[in-house]
$ cat query_32.txt   # compact mmCIF, C-alpha atoms and all ligand atoms
# COMPACT_ATOMS: atom_id res chain seq x y z
CA MET A 1 -22.87 -2.29 9.83
CA TYR A 2 -20.31 -3.87 7.53
CA ARG A 3 -16.67 -2.87 7.78
CA TYR A 4 -14.05 -2.84 5.04
CA GLU A 5 -10.34 -2.21 4.78
CA THR A 6 -9.99 -0.17 1.61
CA HIS A 7 -6.21 0.30 1.45
CA LEU A 8 -4.02 -2.72 1.99
CA HIS A 9 -0.74 -4.15 0.70
CA THR A 10 0.52 -7.71 0.61
CA SER A 11 3.87 -9.38 0.26
CA PRO A 12 5.43 -10.37 -2.08
CA VAL A 13 3.63 -8.15 -4.65
CA SER A 14 4.18 -4.84 -2.84
CA ARG A 15 7.89 -4.54 -2.23
CA CYS A 16 7.30 -2.56 0.97
CA ALA A 17 4.78 -5.00 2.49
CA GLY A 18 5.75 -7.25 5.38
CA ALA A 19 2.64 -9.45 5.55
CA GLY A 20 1.26 -12.00 3.11
CA VAL A 21 -2.39 -12.31 2.08
CA ARG A 22 -3.26 -14.95 4.70
CA GLU A 23 -1.87 -12.95 7.57
CA GLN A 24 -3.76 -9.86 6.42
CA MET A 25 -7.00 -11.81 5.96
CA ARG A 26 -6.79 -13.46 9.39
CA PHE A 27 -6.04 -10.15 11.03
CA TYR A 28 -9.15 -8.46 9.61
CA ARG A 29 -11.38 -11.48 10.11
CA GLU A 30 -10.52 -11.48 13.81
CA LEU A 31 -11.51 -7.84 13.97
CA GLY A 32 -14.90 -8.75 12.51
CA TYR A 33 -14.50 -7.04 9.13
CA ASP A 34 -16.73 -8.18 6.29
CA GLY A 35 -14.02 -7.71 3.67
CA ILE A 36 -10.76 -6.24 2.47
CA PHE A 37 -9.68 -4.56 -0.77
CA VAL A 38 -6.24 -5.71 -1.86
CA THR A 39 -4.70 -2.51 -3.28
CA ASN A 40 -1.08 -3.33 -4.05
CA HIS A 41 1.31 -0.87 -5.67
CA PHE A 42 0.74 -1.11 -9.41
CA LEU A 43 3.39 -1.56 -12.11
CA ASP A 44 4.12 2.18 -11.95
CA GLY A 45 4.98 1.95 -8.26
CA ASN A 46 6.72 -0.10 -5.61
CA VAL A 47 5.91 -3.48 -7.13
CA ASN A 48 8.33 -6.27 -6.42
CA ILE A 49 9.24 -7.25 -10.00
CA ASP A 50 11.83 -6.31 -12.60
CA ARG A 51 10.51 -3.29 -14.54
CA ASN A 52 12.12 -4.49 -17.77
CA LEU A 53 9.91 -7.55 -18.07
CA PRO A 54 6.94 -7.49 -20.49
CA TYR A 55 3.68 -5.94 -19.26
CA LYS A 56 1.84 -9.26 -19.26
CA THR A 57 4.48 -11.00 -17.14
CA LYS A 58 4.49 -8.15 -14.66
CA LEU A 59 0.69 -8.00 -14.54
CA ASP A 60 0.42 -11.75 -13.91
CA PHE A 61 2.73 -11.35 -10.95
CA TYR A 62 0.84 -8.26 -9.82
CA LEU A 63 -2.49 -10.10 -9.82
CA SER A 64 -1.11 -13.22 -8.11
CA ASP A 65 -1.59 -11.99 -4.52
CA TYR A 66 -5.14 -10.88 -5.24
CA PHE A 67 -6.07 -14.20 -6.86
CA ASP A 68 -4.40 -16.02 -4.00
CA ALA A 69 -6.45 -14.04 -1.49
CA LYS A 70 -9.65 -14.51 -3.49
CA LYS A 71 -9.10 -18.27 -3.50
CA GLU A 72 -8.74 -18.29 0.31
CA SER A 73 -11.71 -16.01 0.84
CA GLU A 74 -14.26 -18.67 1.72
CA ASN A 75 -11.77 -20.69 3.73
CA LEU A 76 -10.75 -17.78 5.88
CA GLY A 77 -14.23 -16.30 6.13
CA ILE A 78 -13.62 -12.82 4.78
CA LYS A 79 -14.52 -11.23 1.44
CA VAL A 80 -11.76 -10.11 -0.88
CA PHE A 81 -12.09 -7.29 -3.41
CA PHE A 82 -9.76 -6.04 -6.09
CA GLY A 83 -8.25 -2.57 -6.12
CA VAL A 84 -5.10 -0.90 -7.39
CA GLU A 85 -2.83 1.81 -6.06
CA LEU A 86 -1.31 3.87 -8.89
CA SER A 87 1.77 6.00 -8.32
CA HIS A 88 3.26 9.09 -9.86
CA ALA A 89 6.43 10.32 -8.16
CA GLY A 90 5.03 9.88 -4.67
CA THR A 91 1.44 10.89 -5.51
CA ASP A 92 -0.91 7.92 -5.24
CA PHE A 93 -4.40 6.97 -6.39
CA LEU A 94 -6.64 4.13 -5.31
CA ILE A 95 -8.69 2.65 -8.14
CA TYR A 96 -11.79 0.55 -7.50
CA GLY A 97 -14.28 -1.04 -9.84
CA LEU A 98 -12.14 -2.09 -12.80
CA PRO A 99 -11.64 -5.88 -12.90
CA PRO A 100 -8.25 -7.56 -13.46
CA GLU A 101 -9.25 -8.23 -17.09
CA TRP A 102 -9.49 -4.51 -17.70
CA TYR A 103 -5.81 -4.11 -16.84
CA GLN A 104 -5.01 -7.11 -19.03
CA ALA A 105 -6.72 -5.38 -21.96
CA HIS A 106 -5.12 -1.96 -21.39
CA PRO A 107 -1.33 -2.12 -21.44
CA GLU A 108 -1.32 1.40 -22.94
CA ILE A 109 -2.04 2.90 -19.50
CA MET A 110 1.68 2.57 -18.78
CA GLU A 111 2.36 5.23 -21.44
CA LEU A 112 -0.29 7.72 -20.32
CA GLY A 113 0.15 10.72 -18.06
CA LYS A 114 -1.77 10.39 -14.80
CA LYS A 115 -4.47 12.87 -15.80
CA GLU A 116 -5.22 10.94 -19.01
CA GLU A 117 -4.95 7.59 -17.28
CA LEU A 118 -7.41 8.57 -14.54
CA ALA A 119 -9.82 10.08 -17.08
CA LEU A 120 -9.79 6.85 -19.08
CA MET A 121 -10.36 4.75 -15.97
CA ARG A 122 -13.24 6.92 -14.77
CA SER A 123 -14.86 6.86 -18.20
CA GLU A 124 -14.80 3.06 -17.94
CA GLY A 125 -16.50 3.10 -14.55
CA ALA A 126 -13.66 3.34 -12.03
CA PHE A 127 -14.08 5.02 -8.68
CA VAL A 128 -10.87 7.02 -8.14
CA VAL A 129 -9.55 8.19 -4.78
CA GLN A 130 -6.51 10.35 -4.20
CA ALA A 131 -4.65 8.52 -1.42
CA HIS A 132 -2.94 10.37 1.47
CA PRO A 133 -2.72 13.59 -0.62
CA TYR A 134 -0.64 15.53 1.91
CA ARG A 135 1.91 12.82 2.61
CA GLU A 136 5.42 14.17 2.99
CA ALA A 137 8.54 12.00 2.87
CA GLY A 138 12.14 12.29 1.86
CA TYR A 139 11.46 10.76 -1.55
CA ILE A 140 8.51 13.04 -2.39
CA ASP A 141 9.60 16.24 -4.10
CA HIS A 142 6.34 18.12 -3.61
CA ILE A 143 2.66 17.69 -2.86
CA ARG A 144 0.43 17.34 -5.95
CA LEU A 145 -3.34 17.57 -5.94
CA TYR A 146 -5.65 16.28 -8.68
CA PRO A 147 -9.02 17.72 -7.65
CA ARG A 148 -10.51 17.41 -11.18
CA SER A 149 -9.30 13.87 -11.76
CA VAL A 150 -10.66 12.04 -8.73
CA ASP A 151 -14.03 11.13 -7.24
CA ALA A 152 -12.91 11.09 -3.63
CA VAL A 153 -10.10 11.89 -1.21
CA GLU A 154 -8.69 9.52 1.40
CA VAL A 155 -9.30 11.90 4.31
CA ILE A 156 -8.15 9.46 6.97
CA ASN A 157 -5.17 7.29 6.23
CA ALA A 158 -4.28 5.49 9.46
CA SER A 159 -0.61 5.37 8.50
CA ARG A 160 -0.35 9.12 8.17
CA ILE A 161 -0.26 11.79 10.84
CA ASP A 162 -3.37 13.71 11.90
CA PHE A 163 -2.03 16.97 10.46
CA GLU A 164 -1.89 15.50 6.94
CA ASN A 165 -5.31 13.89 7.35
CA ARG A 166 -6.87 17.18 8.47
CA LEU A 167 -5.55 18.90 5.34
CA ALA A 168 -6.91 16.04 3.23
CA ASP A 169 -10.33 16.56 4.79
CA GLN A 170 -10.24 20.27 3.91
CA TYR A 171 -9.17 19.41 0.36
CA ALA A 172 -12.25 17.20 0.00
CA ASP A 173 -14.53 19.86 1.50
CA ASN A 174 -13.18 22.68 -0.65
CA TYR A 175 -13.67 20.77 -3.91
CA GLY A 176 -16.84 18.96 -2.92
CA LEU A 177 -15.17 15.58 -3.27
CA LEU A 178 -16.34 12.40 -1.57
CA LYS A 179 -14.42 11.10 1.46
CA THR A 180 -12.92 7.72 2.20
CA GLY A 181 -10.70 6.19 4.87
CA GLY A 182 -8.20 3.34 4.87
CA SER A 183 -5.21 2.02 6.79
CA ASP A 184 -2.54 1.54 4.10
CA ASN A 185 -1.75 -1.61 6.06
CA HIS A 186 1.57 -3.13 4.95
CA HIS A 187 2.35 -5.31 7.97
CA GLY A 188 -0.82 -7.06 9.13
CA PHE A 189 -0.82 -6.53 12.86
CA ALA A 190 -1.61 -2.85 13.48
CA SER A 191 -3.59 -1.12 16.18
CA ARG A 192 -4.43 2.17 14.47
CA LEU A 193 -6.83 1.53 11.61
CA ALA A 194 -9.24 3.37 9.35
CA GLY A 195 -11.76 2.00 6.91
CA MET A 196 -15.26 2.29 5.52
CA GLU A 197 -18.43 1.27 7.28
CA CYS A 198 -21.45 0.48 5.10
CA GLU A 199 -25.15 0.11 5.79
CA GLU A 200 -25.37 -2.79 3.38
CA PRO A 201 -22.76 -5.37 2.49
CA VAL A 202 -20.47 -4.59 -0.43
CA MET A 203 -21.12 -7.28 -3.03
CA THR A 204 -18.80 -6.17 -5.83
CA GLU A 205 -16.03 -3.65 -6.42
CA ALA A 206 -18.44 -1.44 -8.39
CA ASP A 207 -20.87 -1.62 -5.50
CA TYR A 208 -18.36 0.05 -3.23
CA GLY A 209 -18.17 3.22 -5.34
CA ARG A 210 -21.95 3.33 -5.54
CA LEU A 211 -22.33 3.07 -1.75
CA VAL A 212 -19.88 5.93 -1.20
CA ARG A 213 -21.67 8.06 -3.82
CA GLU A 214 -25.06 7.37 -2.26
CA GLY A 215 -23.80 8.33 1.19
CA LYS A 216 -24.28 4.77 2.46
CA ALA A 217 -20.63 4.30 3.38
CA ARG A 218 -18.69 6.38 5.85
CA VAL A 219 -15.22 6.60 7.32
CA PHE A 220 -14.52 4.95 10.68
CA THR A 221 -11.36 4.67 12.78
CA LEU A 222 -10.04 2.24 15.39
CA ASN A 223 -7.59 3.44 18.05
CA PRO A 224 -6.94 6.77 16.33
CA ASP A 225 -4.67 7.87 19.21
CA ARG A 226 -2.10 5.15 18.70
CA ASP A 227 1.07 5.65 16.74
CA SER A 228 0.68 4.91 13.09
CA HIS A 229 3.13 2.02 12.98
CA GLU A 230 3.18 -0.71 15.54
CA TRP A 231 6.79 -1.40 14.81
CA PHE A 232 8.16 2.07 15.35
CA ARG A 233 7.44 4.34 18.28
CA ARG A 234 9.21 7.37 19.64
CA GLU A 235 9.07 6.24 23.23
CA PRO A 236 10.13 6.11 25.98
CA GLU A 237 11.61 9.61 26.15
CA GLY A 238 14.83 9.91 24.17
CA CYS A 239 14.42 6.40 22.77
CA PHE A 240 12.59 4.67 19.99
CA THR A 241 11.01 1.26 19.87
CA VAL A 242 11.07 -1.14 16.96
CA GLN A 243 8.79 -4.15 16.91
CA LEU A 244 9.28 -6.97 14.43
CA ARG A 245 7.61 -10.30 13.83
CA THR A 246 9.69 -13.30 14.79
CA ASN A 247 9.41 -16.98 15.50
CA PRO A 248 12.51 -17.98 17.52
CA SER A 249 11.43 -21.63 17.74
CA THR A 250 12.47 -21.95 14.07
CA GLY A 251 15.99 -20.84 14.92
CA PHE A 252 15.45 -17.56 13.05
CA ASP A 253 15.67 -14.31 14.91
CA TRP A 254 16.56 -10.67 14.37
CA ASP A 255 19.93 -9.08 14.91
CA TRP A 256 20.93 -5.53 14.04
CA GLU A 257 23.84 -3.43 12.92
CA ALA A 258 24.12 0.36 12.92
CA ASP A 259 26.14 2.46 10.52
CA HIS A 260 27.57 4.32 13.55
CA ALA A 261 27.84 1.64 16.22
CA GLU A 262 28.87 4.18 18.85
CA GLY A 263 25.82 6.38 18.11
CA ILE A 264 23.14 4.03 19.32
CA ALA A 265 22.62 1.60 22.20
CA GLU A 266 20.12 -1.22 22.66
CA GLU A 267 18.38 -0.56 25.96
CA SER A 268 16.19 -3.63 26.01
CA ARG A 269 14.86 -6.54 24.00
CA GLU A 270 11.61 -8.23 24.84
CA TYR A 271 9.53 -11.01 23.25
CA LEU A 272 5.77 -10.59 23.07
CA ARG A 273 3.04 -12.85 21.85
CA LYS A 274 0.41 -11.55 19.49
CA GLU A 275 -2.77 -11.38 21.56
CA SER A 276 -4.73 -13.10 18.85
CA GLU A 277 -2.40 -16.10 18.74
CA PRO A 278 -3.00 -19.08 21.01
CA ALA A 279 -0.44 -19.33 23.80
CA LEU A 280 1.33 -22.24 22.19
CA CYS A 281 4.98 -22.94 22.45
CA GLY A 282 6.56 -22.08 19.12
CA ALA A 283 3.80 -19.67 18.08
CA PRO A 284 4.98 -16.57 16.23
CA SER A 285 5.56 -13.54 18.36
CA PHE A 286 7.16 -10.13 18.23
CA VAL A 287 10.49 -8.91 19.39
CA ARG A 288 10.49 -5.38 20.73
CA PHE A 289 13.76 -3.49 20.78
CA VAL A 290 14.24 -0.21 22.59
CA PHE A 291 17.13 1.92 21.28
CA ARG A 292 18.69 5.05 22.66
CA PRO A 293 20.49 7.15 20.03
CA SER A 294 23.21 9.40 21.37
CA VAL A 295 24.89 11.09 18.40
CA PRO A 296 22.89 13.80 16.59
CA GLY A 297 22.40 13.41 12.85
CA MET A 298 21.04 10.91 10.35
CA GLN A 299 21.72 7.29 11.15
CA SER A 300 20.64 3.95 9.86
CA VAL A 301 20.13 0.56 11.47
CA THR A 302 19.78 -2.65 9.52
CA PHE A 303 17.94 -5.59 11.03
CA ARG A 304 18.40 -9.08 9.68
CA TYR A 305 16.17 -12.08 10.25
CA ARG A 306 18.42 -15.11 10.08
CA ARG A 307 19.87 -18.13 11.82
CA SER A 308 22.96 -16.93 13.59
CA TRP A 309 24.94 -20.02 12.64
CA GLU A 310 24.18 -19.85 8.90
CA SER A 311 26.06 -17.71 6.42
CA THR A 312 23.23 -17.65 3.82
CA PRO A 313 21.50 -14.30 3.11
CA PRO A 314 18.90 -13.30 5.71
CA LEU A 315 15.27 -14.30 5.18
CA ARG A 316 14.12 -10.72 5.76
CA THR A 317 15.81 -7.41 6.30
CA PHE A 318 14.49 -4.18 7.67
CA ASN A 319 16.32 -0.92 7.27
CA LEU A 320 15.44 2.05 9.39
CA ARG A 321 16.74 5.57 8.94
CA PHE A 322 16.16 8.14 11.62
CA GLU A 323 17.52 11.45 12.73
CA LEU A 324 18.41 12.53 16.24
CA LYS A 325 17.89 16.31 16.25
CA GLN A 326 20.05 18.69 18.26
CA ASP A 327 17.14 19.29 20.65
CA GLY A 328 16.87 15.55 21.35
CA ARG A 329 13.83 14.85 19.19
CA ILE A 330 13.86 11.84 16.90
CA SER A 331 12.51 12.50 13.43
CA LEU A 332 10.30 10.31 11.28
CA PRO A 333 12.19 7.43 9.77
CA ARG A 334 12.57 6.05 6.31
CA HIS A 335 12.13 2.32 6.31
CA ASP A 336 12.34 -0.50 3.85
CA PHE A 337 11.38 -4.09 4.24
CA THR A 338 12.68 -6.80 2.00
CA GLU A 339 11.52 -10.36 2.10
ZN ZN B 1 3.95 0.61 0.16
ZN ZN B 2 -0.74 2.23 -0.05
$ encode --input "query_32.txt" --output "structure tokens"
Amino acid sequence: MYRYETHLHTSPVSRCAGAGVREQMRFYRELGYDGIFVTNHFLDGNVNIDRNLPYKTKLDFYLSDYFDAKKESENLGIKVFFGVELSHAGTDFLIYGLPPEWYQAHPEIMELGKKEELALMRSEGAFVVQAHPYREAGYIDHIRLYPRSVDAVEVINASRIDFENRLADQYADNYGLLKTGGSDNHHGFASRLAGMECEEPVMTEADYGRLVREGKARVFTLNPDRDSHEWFRREPEGCFTVQLRTNPSTGFDWDWEADHAEGIAEESREYLRKESEPALCGAPSFVRFVFRPSVPGMQSVTFRYRRSWESTPPLRTFNLRFELKQDGRISLPRHDFTE
């Protein structure tokens, strides 16, 4: 069996990603995967470049992480495939099987409505998947389904909750659409994963669509019972945990500031080594904060990765918004990474 990550983001191209191509590739190689599809947010989504620049400039930047990964493929011992995640107001589509040159030759896609854009892509051989169709978030106005415009539905997205994934599975069943799974991995190290398992190795991007159509690829999951994000957990009771990558031997480390300092307390801070890293002094690790919020309502905490003695802007920031409900529950956060 050959395993593939079909939904993955890398920094710096995806603005919301916290891991670069090498970190992602090493992570999946250690898990024994045969390959990954790099599916960064396209120019219509959360791409990390000025929208006012010309299409070609933006596309060159967009493709840079994929080409970087492709170049390292042999070195790091894992195959790299090209994919794209298109966005329309919080509704997302994964596109497989169109090469980078296709996007270079089709700047007009930026002017098309999603229905027309997807139809064009499919007519040119793309395999189109509606990603996490039932995702809900503060920035998504409503759920949109495109049952006539896609080949498949991402029925398990490891970053979404089971409730949304179950609905996605019913959506696929009701319309007779194919099913795929992926992790939507933005941060490398993650314990809850989903992907596709194939009877024969995927050789090309077009091959992947064919294997799904022929029933030779199926969804698999790893640690489906874990929380979706390693870095945020609603535990222990009444608290939440935030886990961030750090390397204190460089002098850089995380500090935090809350918008209501009296509304939240740091219960503990602990440094952990990534199990896959050798136990070397100076090896990167994680810092795990446990916070106890005490004032009901929406709050925000900003984490900064910096050298405490320097006044230059932080190397990375992480902003987390959460809500302490009247009944003591902590609601799903909004989060943004910048790097
Ligand atoms: Zn993202
Ligand atoms: Zn994604």
$ atom_distance --input "query_32.txt" --atom1 "CA of Ile109 (chain A)" --atom2 "CA of Leu86 (chain A)"
10.7 Å
$ closest_residue --input "query_32.txt" --among "A:Gly32, A:Gly20, A:Gly138, A:Gly97" --to "Asp207 (chain A)" --atoms "all atoms listed in the file"
A:Gly97
$ closest_atom_pairs --input "query_32.txt" --of "region 164-233 of chain A" --to "region 145-156 of chain A" --cutoff "10 Å" --atoms "all atoms listed in the file" --output "tab-separated table"
residue	atom	partner	partner_atom	distance
A:Glu164	CA	A:Val155	CA	8.6
A:Asn165	CA	A:Ile156	CA	5.3
A:Arg166	CA	A:Val155	CA	7.1
A:Leu167	CA	A:Val155	CA	8.0
A:Ala168	CA	A:Val155	CA	4.9
A:Asp169	CA	A:Val155	CA	4.8
A:Gln170	CA	A:Val155	CA	8.4
A:Tyr171	CA	A:Val153	CA	7.7
A:Ala172	CA	A:Val153	CA	5.9
A:Asp173	CA	A:Val153	CA	9.5
A:Asn174	CA	A:Pro147	CA	9.5
A:Tyr175	CA	A:Pro147	CA	6.7
A:Gly176	CA	A:Ala152	CA	8.8
A:Leu177	CA	A:Ala152	CA	5.0
A:Leu178	CA	A:Ala152	CA	4.2
A:Lys179	CA	A:Val153	CA	5.1
A:Thr180	CA	A:Glu154	CA	4.7
A:Gly181	CA	A:Ile156	CA	4.6
A:Gly182	CA	A:Ile156	CA	6.5
A:Ser183	CA	A:Ile156	CA	8.0
A:Leu193	CA	A:Ile156	CA	9.3
A:Ala194	CA	A:Ile156	CA	6.6
A:Gly195	CA	A:Ile156	CA	8.3
A:Gly209	CA	A:Asp151	CA	9.1
A:Val212	CA	A:Ala152	CA	9.0
A:Arg213	CA	A:Asp151	CA	8.9
A:Val219	CA	A:Ile156	CA	7.6
A:Phe220	CA	A:Ile156	CA	8.6
A:Thr221	CA	A:Ile156	CA	8.2
A:Pro224	CA	A:Ile156	CA	9.8
$ atom_distance --input "query_32.txt" --atom1 "CA of Ala17 (chain A)" --atom2 "CA of Asn40 (chain A)"
8.9 Å
$ closest_residue --input "query_32.txt" --among "A:Gly83, A:Gly35, A:Gly90, A:Gly77" --to "ligand ZN 1 (chain B)" --atoms "only C-alpha atoms and all ligand atoms"
A:Gly90
$ atom_distance --input "query_32.txt" --atom1 "CA of Glu270 (chain A)" --atom2 "CA of Arg288 (chain A)"
5.1 Å
$ residues_near_ligand --input "query_32.txt" --ligand "ligand ZN 2 (chain B)" --cutoff "12 Å" --atoms "only C-alpha atoms and all ligand atoms" --output "PyMOL selection string"
chain A and resi 5-10+14-17+37-42+45-47+83-87+90-95+129-133+135+154+157-160+181-187
$ write_last_selection --input "query_32.txt" --atoms "C-alpha atoms" --output "PDB file, keeping the file's coordinate frame"
ATOM      1  CA  GLU A   5     -10.340  -2.210   4.780  1.00  0.00           C
ATOM      2  CA  THR A   6      -9.990  -0.170   1.610  1.00  0.00           C
ATOM      3  CA  HIS A   7      -6.210   0.300   1.450  1.00  0.00           C
ATOM      4  CA  LEU A   8      -4.020  -2.720   1.990  1.00  0.00           C
ATOM      5  CA  HIS A   9      -0.740  -4.150   0.700  1.00  0.00           C
ATOM      6  CA  THR A  10       0.520  -7.710   0.610  1.00  0.00           C
ATOM      7  CA  SER A  14       4.180  -4.840  -2.840  1.00  0.00           C
ATOM      8  CA  ARG A  15       7.890  -4.540  -2.230  1.00  0.00           C
ATOM      9  CA  CYS A  16       7.300  -2.560   0.970  1.00  0.00           C
ATOM     10  CA  ALA A  17       4.780  -5.000   2.490  1.00  0.00           C
ATOM     11  CA  PHE A  37      -9.680  -4.560  -0.770  1.00  0.00           C
ATOM     12  CA  VAL A  38      -6.240  -5.710  -1.860  1.00  0.00           C
ATOM     13  CA  THR A  39      -4.700  -2.510  -3.280  1.00  0.00           C
ATOM     14  CA  ASN A  40      -1.080  -3.330  -4.050  1.00  0.00           C
ATOM     15  CA  HIS A  41       1.310  -0.870  -5.670  1.00  0.00           C
ATOM     16  CA  PHE A  42       0.740  -1.110  -9.410  1.00  0.00           C
ATOM     17  CA  GLY A  45       4.980   1.950  -8.260  1.00  0.00           C
ATOM     18  CA  ASN A  46       6.720  -0.100  -5.610  1.00  0.00           C
ATOM     19  CA  VAL A  47       5.910  -3.480  -7.130  1.00  0.00           C
ATOM     20  CA  GLY A  83      -8.250  -2.570  -6.120  1.00  0.00           C
ATOM     21  CA  VAL A  84      -5.100  -0.900  -7.390  1.00  0.00           C
ATOM     22  CA  GLU A  85      -2.830   1.810  -6.060  1.00  0.00           C
ATOM     23  CA  LEU A  86      -1.310   3.870  -8.890  1.00  0.00           C
ATOM     24  CA  SER A  87       1.770   6.000  -8.320  1.00  0.00           C
ATOM     25  CA  GLY A  90       5.030   9.880  -4.670  1.00  0.00           C
ATOM     26  CA  THR A  91       1.440  10.890  -5.510  1.00  0.00           C
ATOM     27  CA  ASP A  92      -0.910   7.920  -5.240  1.00  0.00           C
ATOM     28  CA  PHE A  93      -4.400   6.970  -6.390  1.00  0.00           C
ATOM     29  CA  LEU A  94      -6.640   4.130  -5.310  1.00  0.00           C
ATOM     30  CA  ILE A  95      -8.690   2.650  -8.140  1.00  0.00           C
ATOM     31  CA  VAL A 129      -9.550   8.190  -4.780  1.00  0.00           C
ATOM     32  CA  GLN A 130      -6.510  10.350  -4.200  1.00  0.00           C
ATOM     33  CA  ALA A 131      -4.650   8.520  -1.420  1.00  0.00           C
ATOM     34  CA  HIS A 132      -2.940  10.370   1.470  1.00  0.00           C
ATOM     35  CA  PRO A 133      -2.720  13.590  -0.620  1.00  0.00           C
ATOM     36  CA  ARG A 135       1.910  12.820   2.610  1.00  0.00           C
ATOM     37  CA  GLU A 154      -8.690   9.520   1.400  1.00  0.00           C
ATOM     38  CA  ASN A 157      -5.170   7.290   6.230  1.00  0.00           C
ATOM     39  CA  ALA A 158      -4.280   5.490   9.460  1.00  0.00           C
ATOM     40  CA  SER A 159      -0.610   5.370   8.500  1.00  0.00           C
ATOM     41  CA  ARG A 160      -0.350   9.120   8.170  1.00  0.00           C
ATOM     42  CA  GLY A 181     -10.700   6.190   4.870  1.00  0.00           C
ATOM     43  CA  GLY A 182      -8.200   3.340   4.870  1.00  0.00           C
ATOM     44  CA  SER A 183      -5.210   2.020   6.790  1.00  0.00           C
ATOM     45  CA  ASP A 184      -2.540   1.540   4.100  1.00  0.00           C
ATOM     46  CA  ASN A 185      -1.750  -1.610   6.060  1.00  0.00           C
ATOM     47  CA  HIS A 186       1.570  -3.130   4.950  1.00  0.00           C
ATOM     48  CA  HIS A 187       2.350  -5.310   7.970  1.00  0.00           C
TER      49      HIS A 187
END
$ residues_around --input "query_32.txt" --residues "Lys70 (chain A)" --least-positions-apart "4" --cutoff "9 Å" --atoms "only C-alpha atoms" --output "list in words"
Asp65, Tyr66, Glu74, Lys79, Val80, Phe81 and Phe82 of chain A
$ closest_residue --input "query_32.txt" --among "A:Asp68, A:Glu267, A:Glu214, A:Glu257" --to "Pro236 (chain A)" --atoms "all atoms listed in the file"
A:Glu267
$ residues_around --input "query_32.txt" --residues "Glu199 (chain A)" --least-positions-apart "6" --cutoff "7 Å" --atoms "only C-alpha atoms" --output "PyMOL selection string"
chain A and resi 1-2+216-217
$ residues_around --input "query_32.txt" --residues "Val202 (chain A)" --least-positions-apart "2" --cutoff "9 Å" --atoms "only C-alpha atoms" --output "list in words"
Tyr2, Tyr4, Asp34, Gly35, Cys198, Glu200, Thr204, Glu205, Ala206, Asp207, Tyr208 and Leu211 of chain A
$ residues_around --input "query_32.txt" --residues "region 51-60 of chain A" --least-positions-apart "4" --cutoff "8 Å" --atoms "only C-alpha atoms" --output "ChimeraX atom specification"
/A:43,64,103-104,107
$ closest_residue --input "query_32.txt" --among "A:Arg245, A:Trp309, A:Glu108, A:Val13" --to "ligand ZN 1 (chain B)" --atoms "only C-alpha atoms and all ligand atoms"
A:Val13
